[in-house]
Each structure stands twice: as structure tokens, then as C-alpha cells.
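**Q** Provided below: upload.txt, containing compact mmCIF, C-alpha atoms.
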# COMPACT_ATOMS: atom_id res chain seq x y z
CA MET A 1 103.94 119.21 39.73
CA THR A 2 100.25 118.84 40.47
CA ASP A 3 100.88 115.32 41.71
CA ARG A 4 103.65 116.56 44.04
CA LEU A 5 101.41 119.29 45.52
CA HIS A 6 98.66 116.75 46.03
CA GLN A 7 101.09 114.47 47.86
CA ILE A 8 102.26 117.29 50.17
CA ARG A 9 98.66 118.18 51.00
CA GLU A 10 97.96 114.52 51.82
CA GLU A 11 101.01 114.34 54.14
CA LYS A 12 99.92 117.54 55.94
CA GLY A 13 96.51 116.00 56.42
CA MET A 14 98.05 112.93 57.98
CA MET A 15 100.04 115.07 60.46
CA LEU A 16 96.93 116.96 61.52
CA LEU A 17 94.97 113.75 61.99
CA GLU A 18 97.86 112.32 63.98
CA LEU A 19 97.94 115.40 66.18
CA LEU A 20 94.20 115.28 66.70
CA PHE A 21 94.57 111.76 68.07
CA MET A 22 97.89 112.12 69.85
CA VAL A 23 97.36 115.33 71.85
CA PRO A 24 94.30 114.12 73.77
CA LEU A 25 95.82 110.66 74.13
CA ILE A 26 99.09 111.99 75.56
CA SER A 27 97.22 114.46 77.76
CA MET A 28 95.05 111.71 79.19
CA LEU A 29 98.06 109.49 79.70
CA LEU A 30 100.00 112.24 81.47
CA ILE A 31 97.01 113.08 83.67
CA GLY A 32 96.71 109.39 84.55
CA ILE A 33 100.42 109.14 85.35
CA ALA A 34 100.30 112.30 87.47
CA ALA A 35 97.27 110.97 89.39
CA ALA A 36 99.02 107.64 89.96
CA PHE A 37 102.18 109.46 91.04
CA PHE A 38 100.33 111.53 93.66
CA LEU A 39 98.47 108.46 94.89
CA VAL A 40 101.72 106.57 95.28
CA LEU A 41 103.28 109.58 97.00
CA ARG A 42 100.40 109.63 99.49
CA LEU A 43 100.79 105.88 100.06
CA TYR A 44 104.53 106.37 100.52
CA PHE A 45 103.97 108.93 103.29
CA GLN A 46 101.36 106.65 104.86
CA ASP A 47 103.92 103.85 104.81
CA LEU A 48 106.46 106.16 106.43
CA SER A 49 104.06 107.06 109.22
CA ASN A 50 103.20 103.36 109.72
CA MET A 51 106.92 102.62 109.94
CA GLU A 52 107.15 105.32 112.56
CA LEU A 53 104.32 103.63 114.46
CA GLU A 54 106.22 100.35 114.55
CA GLU A 55 109.43 102.13 115.45
CA GLN A 56 107.80 103.86 118.42
CA VAL A 57 106.36 100.61 119.79
CA ARG A 58 109.61 98.74 119.15
CA LEU A 59 111.62 101.48 120.88
CA GLY A 60 109.42 101.32 123.97
CA ALA A 61 109.51 97.52 124.06
CA ALA A 62 113.28 97.25 123.49
CA ASN A 63 114.01 99.77 126.28
CA LEU A 64 111.70 97.93 128.66
CA VAL A 65 113.22 94.54 127.85
CA THR A 66 116.75 95.77 128.59
CA ASP A 67 115.85 97.63 131.78
CA ILE A 68 113.65 94.88 133.23
CA ARG A 69 116.15 92.12 132.35
CA TYR A 70 118.93 93.73 134.40
CA ALA A 71 116.72 95.12 137.18
CA ASP A 72 117.00 94.07 140.81
CA LYS A 73 113.23 94.19 141.17
CA ALA A 74 110.24 95.20 139.07
CA GLU A 75 106.85 96.13 140.48
CA ILE A 76 103.70 96.98 138.61
CA ILE A 77 102.26 100.41 139.34
CA GLN A 78 99.29 102.32 137.91
CA ASN A 79 99.74 102.70 134.13
CA GLY A 80 103.26 101.37 134.21
CA ILE A 81 106.09 99.62 135.98
CA ARG A 82 108.68 100.61 138.60
CA ILE A 83 112.16 99.28 138.05
CA TRP A 84 114.66 98.99 140.89
CA THR A 85 118.26 99.11 139.90
CA ARG A 86 121.66 99.52 141.50
CA ARG A 87 124.35 101.83 140.24
CA ARG A 88 127.82 101.98 141.69
CA SER A 89 127.82 105.77 141.98
CA ILE A 90 124.41 106.37 143.54
CA GLY A 91 123.45 103.04 145.10
CA GLN A 92 119.99 101.58 144.71
CA ARG A 93 117.31 103.70 143.08
CA TRP A 94 114.13 103.24 141.13
CA PHE A 95 112.59 104.76 138.06
CA ASP A 96 109.20 104.41 136.42
CA TYR A 97 107.92 103.66 132.97
CA GLN A 98 104.46 105.19 132.79
CA LEU A 99 101.87 105.93 130.18
CA LYS A 100 101.08 109.62 130.20
CA ASN A 101 97.52 110.60 129.32
CA PRO A 102 96.20 107.02 129.00
CA ILE A 103 92.55 107.91 128.29
CA TYR A 104 93.20 109.76 125.04
CA GLY A 105 96.25 107.72 124.11
CA GLY A 106 99.59 109.18 124.96
CA LYS A 107 103.28 108.65 125.24
CA ILE A 108 105.53 106.45 127.33
CA MET A 109 107.50 108.33 129.96
CA LYS A 110 110.75 106.86 131.27
CA ASP A 111 111.97 108.41 134.50
CA GLY A 112 109.87 111.51 133.76
CA GLN A 113 111.25 111.93 130.25
CA PRO A 114 109.22 111.12 127.13
CA LEU A 115 110.44 107.95 125.45
CA THR A 116 107.95 107.95 122.59
CA GLY A 117 105.94 110.62 120.83
CA ASP A 118 108.45 112.43 118.61
CA CYS A 119 107.05 111.71 115.15
CA MET A 120 107.57 113.44 111.82
CA TYR A 121 104.93 111.85 109.60
CA GLY A 122 102.16 110.51 111.82
CA ASP A 123 100.19 111.24 114.97
CA ILE A 124 101.11 108.21 117.03
CA ARG A 125 99.48 107.50 120.40
CA ILE A 126 100.11 104.65 122.78
CA THR A 127 96.73 103.11 123.64
CA LYS A 128 97.74 100.12 125.74
CA PHE A 129 100.58 99.74 128.21
CA TYR A 130 99.84 96.54 130.08
CA PHE A 131 102.03 94.64 132.54
CA GLU A 132 101.57 91.30 134.24
CA LYS A 133 103.84 89.42 136.63
CA ARG A 134 103.77 85.71 135.90
CA ASN A 135 106.04 85.00 138.85
CA ASP A 136 108.75 86.82 140.84
CA ARG A 137 111.18 86.74 137.95
CA THR A 138 109.00 86.89 134.85
CA VAL A 139 107.22 89.99 133.63
CA PHE A 140 104.90 90.08 130.63
CA PHE A 141 103.98 93.29 128.91
CA GLU A 142 102.11 94.54 125.88
CA ILE A 143 102.38 97.89 124.12
CA GLN A 144 99.75 98.91 121.61
CA ALA A 145 99.72 102.10 119.58
CA ILE A 146 97.55 103.69 116.95
CA ASN A 147 98.55 105.89 114.04
CA LYS A 148 95.82 108.54 114.03
CA THR A 149 96.81 109.59 110.51
CA THR A 150 96.19 106.20 108.89
CA GLY A 151 94.18 104.41 111.58
CA LYS A 152 96.64 101.51 111.72
CA VAL A 153 96.99 99.71 115.06
CA PHE A 154 100.17 97.89 115.99
CA SER A 155 100.99 95.96 119.14
CA LEU A 156 103.91 94.04 120.53
CA GLU A 157 103.73 91.63 123.42
CA THR A 158 106.66 89.98 125.06
CA GLY A 159 108.05 88.67 128.31
CA VAL A 160 111.25 89.29 130.24
CA PHE A 161 113.11 87.14 132.71
CA LEU A 162 114.86 89.12 135.47
CA GLN A 163 118.40 87.85 135.36
CA ASN A 164 119.81 89.70 138.36
CA GLN A 165 117.21 88.50 140.82
CA LYS A 166 117.94 85.13 142.42
CA ASN A 167 115.28 82.55 143.20
CA ASP A 168 114.41 82.22 146.88
CA MET B 1 109.01 108.63 67.87
CA GLU B 2 105.89 109.21 69.94
CA THR B 3 105.56 105.50 70.54
CA VAL B 4 109.13 105.30 71.86
CA PHE B 5 108.52 108.30 74.13
CA LEU B 6 105.27 106.78 75.43
CA GLY B 7 107.03 103.48 75.94
CA PHE B 8 109.70 105.13 78.11
CA VAL B 9 107.10 107.03 80.13
CA LEU B 10 105.08 103.88 80.79
CA LEU B 11 108.21 101.91 81.63
CA ALA B 12 109.33 104.55 84.14
CA ALA B 13 105.86 104.73 85.69
CA SER B 14 105.55 100.96 86.03
CA ALA B 15 109.04 100.73 87.55
CA PHE B 16 108.16 103.44 90.08
CA LEU B 17 104.87 101.75 91.02
CA GLY B 18 106.61 98.38 91.23
CA VAL B 19 109.25 99.71 93.64
CA CYS B 20 106.55 101.29 95.82
CA HIS B 21 104.59 98.03 95.91
CA MET B 22 107.72 96.11 96.81
CA GLY B 23 108.48 98.59 99.62
CA SER B 24 104.98 98.13 101.00
CA GLN B 25 105.35 94.33 100.98
CA LEU B 26 108.75 94.56 102.68
CA GLN B 27 107.26 96.72 105.41
CA GLU B 28 104.52 94.15 105.95
CA SER B 29 107.12 91.39 106.20
CA SER B 30 109.18 93.35 108.70
CA THR B 31 106.06 93.93 110.85
CA MET B 32 105.41 90.20 111.01
CA ARG B 33 109.03 89.36 111.72
CA LEU B 34 109.20 91.93 114.53
CA THR B 35 106.02 90.57 116.10
CA ALA B 36 107.36 87.01 115.82
CA VAL B 37 110.69 87.89 117.49
CA PHE B 38 108.96 89.52 120.45
CA LEU B 39 106.59 86.53 120.81
CA ALA B 40 109.60 84.22 120.80
CA GLN B 41 111.19 86.32 123.55
CA LYS B 42 108.01 85.95 125.58
CA GLN B 43 108.10 82.17 125.26
CA LEU B 44 111.81 82.14 126.21
CA ALA B 45 111.08 84.20 129.33
CA CYS B 46 108.15 81.92 130.17
CA ILE B 47 110.28 78.78 130.00
CA GLN B 48 113.23 80.34 131.80
CA GLY B 49 111.00 81.48 134.66
CA ASP B 50 109.28 78.13 135.13
CA LYS B 51 111.35 75.75 137.29
CA ALA B 52 109.07 72.76 136.62
CA ILE B 53 109.54 73.06 132.85
CA MET B 54 113.25 73.77 133.10
CA GLY B 55 113.74 70.41 134.83
CA LYS B 56 112.48 68.50 131.78
CA ALA B 57 113.50 68.17 128.17
CA GLY B 58 111.31 67.98 125.07
CA LYS B 59 108.75 69.90 123.09
CA ILE B 60 106.80 72.73 124.73
CA SER B 61 103.76 74.53 123.35
CA TRP B 62 102.73 78.16 123.95
CA LEU B 63 102.85 78.84 127.69
CA ASP B 64 100.85 82.02 128.10
CA SER B 65 97.73 81.91 130.24
CA ASP B 66 95.21 81.65 127.40
CA GLY B 67 96.98 78.50 126.20
CA GLU B 68 96.01 78.85 122.53
CA SER B 69 98.48 77.34 120.13
CA LYS B 70 97.79 79.87 117.32
CA LEU B 71 97.98 83.53 118.24
CA ASN B 72 96.43 86.32 116.23
CA LYS B 73 98.72 89.34 116.41
CA ASN B 74 98.71 92.35 114.10
CA GLY B 75 96.40 90.56 111.69
CA THR B 76 98.49 87.40 111.32
CA PHE B 77 98.34 83.99 112.97
CA PHE B 78 101.54 82.87 114.67
CA LEU B 79 102.34 79.38 115.90
CA VAL B 80 104.84 79.30 118.77
CA THR B 81 106.62 76.10 119.74
CA ALA B 82 109.72 75.43 121.79
CA GLN B 83 112.22 72.68 122.33
CA LEU B 84 114.22 72.16 125.50
CA ARG B 85 117.47 70.20 125.17
CA ASP B 86 120.25 69.11 127.51
CA VAL B 87 123.71 70.46 126.80
CA GLU B 88 126.43 67.84 126.47
CA ASP B 89 128.83 67.58 129.46
CA GLU B 90 127.04 70.49 131.15
CA PRO B 91 124.31 69.10 133.43
CA LEU B 92 123.39 72.53 134.74
CA LEU B 93 122.82 74.05 131.33
CA LYS B 94 119.78 73.73 129.06
CA GLN B 95 119.31 74.90 125.51
CA ILE B 96 115.96 76.49 124.71
CA GLU B 97 114.99 76.85 121.07
CA VAL B 98 111.81 78.78 120.33
CA THR B 99 110.33 78.71 116.82
CA VAL B 100 107.61 81.04 115.64
CA GLN B 101 105.90 80.20 112.33
CA TRP B 102 103.50 82.25 110.26
CA GLN B 103 102.12 82.38 106.75
CA GLU B 104 102.67 85.37 104.50
CA ARG B 105 101.20 85.47 100.98
CA ASN B 106 100.98 81.66 100.90
CA LYS B 107 104.58 81.34 101.97
CA GLU B 108 105.68 79.75 105.25
CA ASN B 109 108.04 81.86 107.34
CA GLU B 110 109.72 81.20 110.65
CA VAL B 111 112.00 82.74 113.21
CA SER B 112 114.06 80.74 115.70
CA LEU B 113 115.68 82.03 118.87
CA ILE B 114 118.14 79.89 120.81
CA ARG B 115 119.32 80.58 124.34
CA VAL B 116 121.47 78.50 126.67
CA VAL B 117 120.55 78.98 130.34
CA ARG B 118 121.40 77.59 133.77
CA CYS B 119 118.56 75.60 135.22
CA ASP B 120 119.49 76.19 138.87
CA ASP B 121 119.69 79.99 138.46
Here is a file; write its structure as C-alpha cells.
**A**
Amino acid sequence: MTDRLHQIREEKGMMLLELLFMVPLISMLLIGIAAAFFLVLRLYFQDLSNMELEEQVRLGAANLVTDIRYADKAEIIQNGIRIWTRRRSIGQRWFDYQLKNPIYGGKIMKDGQPLTGDCMYGDIRITKFYFEKRNDRTVFFEIQAINKTTGKVFSLETGVFLQNQKND
Amino acid sequence: METVFLGFVLLAASAFLGVCHMGSQLQESSTMRLTAVFLAQKQLACIQGDKAIMGKAGKISWLDSDGESKLNKNGTFFLVTAQLRDVEDEPLLKQIEVTVQWQERNKENEVSLIRVVRCDD
């Protein structure tokens, strides 16, 4: 009987010792996991805003490529480009792509309507909207933007050949 | 029991972190690919708009004004080359193939764009 009681006391002692080690260990582990989780969450939202940055630049560039490619004429204006096009219903007309608020970094306006700037996760500003005419039928352009939230800069440069315009 | 529980927690945490890391790498890859495609489009437009080049066939290096063969864009070096070929039985048509190469985590990547165009257009 005495031996049995002694054994029970020893087992209880083991449990207490185990608890003394395990509680701080598990607490530290959980705190570490929670910290890592919040860090990864922050990185995830940073990634989302950087994806938005790329998406904004890509959207601007893709729109420009399509509109310039099928334009009758393209002429470079201040902070942008004027595109001449012909529509069956209204005849020939032009519309502009312009960078609004270029000094502080802004948004691309197409025909007076904002093309970029609607962002959910980041504060994205277009910082460079540069055009160059290599010849009558080839236009080069570069769009650069910055994500003010993460500081990431992304730029796309490309060229477009005007398919509707004939060589002289 | 505790060990099994801890094992599961660590496994879940490492899986979560691994997926996030993978997502980040994929985003980086897509940035480079996007940049490469737009650079290839620029080279295509350059060649298509240059009558002197369109009259020939063969290998063409980067045609932009600065003339550098390796371009640093969005933190990566890109090498742009192009090949102009005649199209069989179609003397007025030329095939332009632009290849953009870059290195990503010690791995060579490339994007190729092919366009068939009229040289008298």
C-alpha cells in the first residue's frame, strides 16, 4: 500500500514537471507562430498591392497598344498622346491619353476618363508616361508607376506599329 | 500526445509559409515574363517599321536607340534578339521571331513572339 501511494506521488510529480516545461514551451511556440502568421499576412497584402501595381501599368499599356495599333494617326502631346481614329457612325475624331497630375504622380486619363487609379490595396501613382515617335508608323512608349505603400517601382516599355497608316 | 499536436501545428505553419513563399516567387516570375513580352513587342514594332531591315533576312539585335544588347528592366537583365525569315512561296511576307531571354534564380527563361508581316505594307 505504501509502495502504491509512493508510486502515485511520483507520477503526479512527473505531470507537474511536464506541465512546468510544456506550458511555457507551447506558449512561446504559439506566440512565434502568431507572429509569423501576422508577418506573412502583411507580406501577402504587400504582394497584393504590388500585383495591383503591375496590373495598373499593364492595363494602361495594353489599352495604348490596341488603340495606337489601329489608329489612323498618333501625335505626341504634352504628357501624353493624341490618337486619331475613324468610326463609321461619327467619322474621324481624336482622343487623348494623358497623365493627370504628373508632378506628384497621378493617373492615366483616356478621353477624359480615368483609366488607372482605382486600387484596393495600394496607393499607386503613375510617375512616367513617355512617348517617342521612331518614325511615322512606329511609336515607343514607357509607363512607370510606384506603389507608395511598399515603395516598389514597376515599368513597362514597348513599341507599336500603326497598321492602318500606309507608307508614303 | 503533445508531441503529435505540436507536430501538426508546425506542419500546418510550414505549409502555410511555404505556400506564401511560392506565391511570392510566382509573382516575381510573372513580373519578368510581362516585362519580357512587352520588350518583345517593342522589337517587333521596331523591325516592322524599318523598311531597310524588312528587306533583309537574318539575325537582328536590339534596335532601340541606346543599342545595348542587355537591358536592365525591373531589376532583371533581358537579352533581346530577333530573326527575320522569308516565308515559302510568299515573297511579300516575312516571318519575324523575337526572343527575349533572362535569368531567374539561376535558371534560364525565354519568351518568343512570332509575327508574319507584309514587307511592302
**Q** Could you check how far atom CA of A:Arg86 sits from atom CA of B:Met54, in Å to one decimal?
**A** 28.4 Å
**Q** Between atom CA of B:Val19 and atom CA of B:Thr31, measure the distance and give it in Å to one decimal.
**A**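 Straight-line distance from atom CA of B:Val19 to atom CA of B:Thr31 works out to 18.4 Å.
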**Q** Please determine the contact residues of chain A with respect to chain B at a cut-off of 8 Å, counting only C-alpha atoms, and supply them as a list of chain:residue names.
**A**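 Residues passing the distance filter: A:Ile33, A:Val40, A:Tyr44, A:Asp47, A:Met51, A:Glu54, A:Asn135, A:Arg137, A:Thr138, A:Phe140, A:Val153, A:Phe154, A:Ser155, A:Leu156, A:Glu157, A:Thr158, A:Gly159, A:Val160, A:Phe161, A:Lys166, A:Asn167.
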**Q** Could you work out how far atom CA of A:Lys133 lies from atom CA of A:Gly112, giving the answer in Å with one decimal?
**A**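 Answer for the atom CA of A:Gly112 to atom CA of A:Lys133 separation: 23.1 Å.
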**Q** Could you check which residues have any atom within 12 Å of (115.4, 98.9, 128.6), counting all atoms listed in the file with coordinates taken straight from the file, and then list them as a list in words?
**A**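 So the residues meeting the distance criterion are Arg58, Leu59, Gly60, Ala61, Ala62, Asn63, Leu64, Val65, Thr66, Asp67, Ile68, Arg69, Tyr70, Ala71, Ile81, Ile83, Thr85, Phe95, Asp96, Tyr97, Lys110, Asp111, Leu115, Val160 and Leu162 of chain A.
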**Q** Please identify all polymer residues within 8 Å of A:Glu132, counting all atoms listed in the file, omitting same-chain residues fewer than 5 positions from it, and present them as an mmCIF file with C-alpha atoms, in the frame of the given file.
**A**
data_model
loop_
_atom_site.group_PDB
_atom_site.id
_atom_site.type_symbol
_atom_site.label_atom_id
_atom_site.label_comp_id
_atom_site.auth_asym_id
_atom_site.auth_seq_id
_atom_site.Cartn_x
_atom_site.Cartn_y
_atom_site.Cartn_z
ATOM 1 C CA ILE A 76 103.700 96.980 138.610
ATOM 2 C CA VAL A 139 107.220 89.990 133.630
ATOM 3 C CA PHE A 140 104.900 90.080 130.630
ATOM 4 C CA PHE A 141 103.980 93.290 128.910
#
**Q** Write out as a count of residues only which residues come within 10 Å of B:Leu71 when counting all atoms listed in the file, dropping same-chain ones fewer than 4 positions away.
**A** 11
**Q** Given the choices A:Asn50, A:Leu99, A:Gln163, A:Glu55, which gets closest to A:Lys148 if the distance is worked out from only C-alpha atoms?
**A**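 Among the listed residues, the smallest separation from A:Lys148 belongs to A:Asn50.
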